[in-house]
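Q: Below is a structure I'd like to ask you about.
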Amino acid sequence: MIELASNVLNFTFPDVHPEAELQINFQRTLRIPDDDHDYPLPPGLGTFPIQHVDDHAANVPSSWLQHGGVMLPMFQSEAMWLDFDSSWIEQNDVAYPFAIKVAAGKQCAISGEPWNEGVTGKPQNYMVAPEQPWLDGFVVEKGCIRQFVAMPLGAGYSAEEQITGAAQHGGLQVAVYPMKRNVFERRFPKVKRMKNTQSHDVCYSMPECCSAPDMGLAPGGRMKQEIYSDPYDVDDWDIEAGGRCFVHLCNSMTWQSLTGEVPPHPAPTAKVYSSSGLPWFDYYDDPMTAVGGSPILAKLKSVAQLSAEKKDAALPENESVTPGNLVLCRKGLKQGQVREGAI
Amino acid sequence: MKGFGDYLRKVREQRRSEDATFSVRQLASRVGVEPSYLSKVERGQQPPPSEKTIAALARELDQDPDVLLAMAGKVSGDLQAIIRNRPKLFADLIRQLKDTPDHAVLRLVREVRDGEW
């Protein structure tokens, strides 16, 4: 079951485990410069507001109602990352494992393959929570992603348009599969004593197109980020119990006319952020191995590259930046290290 | 409603035993009605006051406004508007839930709908 509360998508699986819950929120962030340097992780600057498409049925495109799901506003050239938070199961002293798929315009952001139901191991087309705390973009190389940057659907920049040649879907698609209950109990037997657990709580924004509100995600700047290989088996995931959601990306310019609410301001530029001495983040999870990049996604042209080819001005304020204040987050080491920036 | 006046007096006198500013006269003055009127309401000699006055009484006496309104035989204006906006939907919903235990009603959640894509 999927609920929406306080701008968080809550995936629960009462038929699998009463306490198994995965929360996904979509973080506003600064757009890292699209200059072929590899940047560390930018901060989370707060969640995007999410609404049910059904609540604005009179105003949204009919395709959105057909898809169901939710919507959130993004400005052209605004960036985002996804935050994953898996619930802690006290009796087994572990966070419940989930397989998570993320696609942009129904092209998988991990493997570059078209959306399908279920998970595949080779190439791995999903991430595993809690090991994977977040996803910032398209996996173009092992240990490197290109940041999710919103562009109007139809302008030719989105990954979907580059891969398929068509601007059909837009938005983001998410699916979550819990670990099978019997597998979970076998891998993580109940513990007798109750440890005082410390949960590793890390949280961690062109040419104006037509008036259709659909945005797609395009590949932006390069960032160091590993997508961890599944430490379990591909058969451990309960595909039948999975839940999926279509997250429509609505151009912020039309958000107010659709919902009556003002969208959040776009994020500051990387330059402004960095020169204020605010932190960037580096994350290590030593024992985990990373998946290789997708050859399909590796061929994608970044927004800056395409913009230069088209002679558009899609990316204003794209100056390179040297992040000065780098906060290291090593899994398990420190509690309270949050991937947050305050503006 | 008969119980409204009794309940109001009971709650007010309880407060007055701790705080002298909850006499009929002083409470009436604060919510903007005549003391004689408030006294009559308490004794069931006048029907319950307007939604606005009941809301003010609820604030003063630290009561839930919806509960006090219900005792007065009323439903708040905003709830009425919600129901009137989709009368069949909410009428059906409320009738279906009328005997459902509290915890089951509160568990009603709004799911994100998945469609065709």
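Following the order of the structure tokens, chains are lettered A, B, ..., residues in each are numbered from 1, and ligands are numbered from 1.
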What residues in chain A have any atom no more than 8 Å from chain B when counting only C-alpha atoms, and can you write them as a compact mmCIF listing (two decimals) with N, CA and C atoms, in the first residue's frame?
A:
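selection-v4.txt written:
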# COMPACT_ATOMS: atom_id res chain seq x y z
N MET A 1 0.86 -1.20 0.00
CA MET A 1 0.00 0.00 0.00
C MET A 1 0.89 1.24 0.00
N ILE A 2 0.48 2.27 -0.70
CA ILE A 2 1.28 3.49 -0.73
C ILE A 2 0.44 4.63 -0.20
N GLU A 3 0.97 5.35 0.77
CA GLU A 3 0.29 6.54 1.28
C GLU A 3 1.18 7.73 1.07
N LEU A 4 0.52 8.89 1.01
CA LEU A 4 1.26 10.12 0.89
C LEU A 4 0.99 10.93 2.14
N HIS A 52 -1.54 14.34 -4.65
CA HIS A 52 -2.20 13.32 -5.48
C HIS A 52 -2.68 14.00 -6.77
N LEU A 65 -4.02 11.51 -15.09
CA LEU A 65 -5.09 10.81 -14.37
C LEU A 65 -5.11 9.34 -14.76
N GLN A 66 -4.76 9.07 -16.01
CA GLN A 66 -4.70 7.68 -16.44
C GLN A 66 -3.62 6.93 -15.67
N HIS A 67 -2.48 7.61 -15.47
CA HIS A 67 -1.37 6.99 -14.76
C HIS A 67 -1.66 6.83 -13.27
N GLY A 68 -2.52 7.70 -12.74
CA GLY A 68 -2.66 7.75 -11.28
C GLY A 68 -1.41 8.35 -10.67
N GLY A 69 -1.23 8.12 -9.39
CA GLY A 69 0.01 8.56 -8.76
C GLY A 69 -0.04 9.98 -8.25
N VAL A 70 1.13 10.60 -8.23
CA VAL A 70 1.29 11.90 -7.58
C VAL A 70 2.04 12.84 -8.51
N ARG A 244 3.99 0.27 -6.84
CA ARG A 244 4.65 1.20 -7.77
C ARG A 244 3.88 2.50 -7.82
N CYS A 245 4.57 3.56 -8.22
CA CYS A 245 3.93 4.87 -8.23
C CYS A 245 4.52 5.70 -9.37
N PHE A 246 3.67 6.40 -10.09
CA PHE A 246 4.09 7.32 -11.13
C PHE A 246 4.17 8.71 -10.50
Q: Per DSSP on the backbone, filter chain B down to the residues in helix (DSSP H, G or I) and report them as number ranges by chain.
A: B: 2-18, 20-22, 24-31, 35-42, 51-61, 65-71, 77-85, 87-97, 102-106
Q: For a quick check of understanding, using only C-alpha atoms, which of A:Cys250, A:Leu297, A:Ala308, A:Val303 has the smallest distance to Gln51 (chain A)?
A: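 Of the candidates, the smallest distance to Gln51 (chain A) is held by A:Cys250.
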Q: With distances taken over only C-alpha atoms, which of A:Phe188, A:Trp88, A:Tyr273, A:Tyr177 is nearest to Glu240 (chain A)?
A: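 Answer, going by the shortest atom-to-atom distance: A:Tyr177.
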Q: Can you tell me which residues surround region 27-42 of chain B at a distance of at most 6 Å, considering only C-alpha atoms, apart from same-chain residues fewer than 3 positions away, and format the answer as an NGL selection string?
A: :B and (5-6 or 9 or 22 or 24 or 45-46 or 56)
Q: Give me the residues within 8 Å of Ser320 (chain A) as a PDB file with C-alpha atoms, in the first residue's frame, counting only C-alpha atoms and dropping any in the same chain fewer than 6 places off.
A:
ATOM      1  CA  PRO A  33      28.012  22.310 -12.385  1.00  0.00           C
ATOM      2  CA  ASP A  34      27.835  20.349 -15.621  1.00  0.00           C
ATOM      3  CA  ASP A  35      31.536  20.578 -16.424  1.00  0.00           C
ATOM      4  CA  LYS A 271      28.652  28.824  -6.503  1.00  0.00           C
TER       5      LYS A 271
END
Q: Find the spatial neighbours of Met71 (chain B), counting only C-alpha atoms, within a cut-off of 8 Å - ignore same-chain residues fewer than 2 positions away - and output them as a list in words.
A: Met1, Gly3, Phe4, Val67, Leu68, Leu69, Gly73 and Lys74 of chain B
Q: Taking C-alpha atoms for each residue, export the selection above as a short mmCIF file (atom, residue, chain, number, x, y, z; two decimals), in the first residue's frame.
A:
data_model
loop_
_atom_site.label_atom_id
_atom_site.label_comp_id
_atom_site.auth_asym_id
_atom_site.auth_seq_id
_atom_site.Cartn_x
_atom_site.Cartn_y
_atom_site.Cartn_z
CA MET B 1 -30.51 19.98 22.92
CA GLY B 3 -27.92 18.05 27.51
CA PHE B 4 -26.11 21.10 26.21
CA VAL B 67 -18.04 17.93 20.59
CA LEU B 68 -19.74 20.98 22.08
CA LEU B 69 -21.41 21.77 18.78
CA GLY B 73 -27.38 19.64 17.89
CA LYS B 74 -25.18 21.40 15.38
#
Q: Got a sec: who's within 9 Å of region 118-130 of chain A, counting only C-alpha atoms, leaving out chain neighbours fewer than 4 positions off, as a VMD selection string?
A: chain A and resid 22 84 to 87 95 to 102 108 to 113 134 to 135 175 177 227 to 235 237 to 240 242 291 to 292 294
Q: Pick out the closest residue to Gly44 (chain B) from this set: B:Leu61, B:Ala81, B:Leu8, B:Val75. Count only C-alpha atoms.
A: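 Smallest separation from Gly44 (chain B) among the options: B:Leu8.
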Q: Just list as a PyMOL selection string whatever in region 92-327 of chain A DSSP marks as strand (DSSP E or B).
A: chain A and resi 94-95+98-104+107-108+114+121+124+127-129+134-135+137-141+144-152+172-179+214-224+228+237+243-251+280-284+290+326-327
Q: Record the distance separating CA of Ala159 (chain A) and CA of Ser302 (chain A), expressed in Å with one decimal.
A: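 A separation of 9.1 Å between them.
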Q: Just to confirm, what's the straight-line distance from CA of Glu78 (chain A) to CA of Val139 (chain A) in Å (one decimal)?
A: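 According to the coordinates, CA of Glu78 (chain A) and CA of Val139 (chain A) are separated by 18.6 Å.
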Q: Compile the contact shell of Pro295 (chain A) as a PyMOL selection string: residues with an atom at most 8 Å away, counting only C-alpha atoms, same-chain residues fewer than 3 positions apart removed.
A: chain A and resi 112+140+298-299
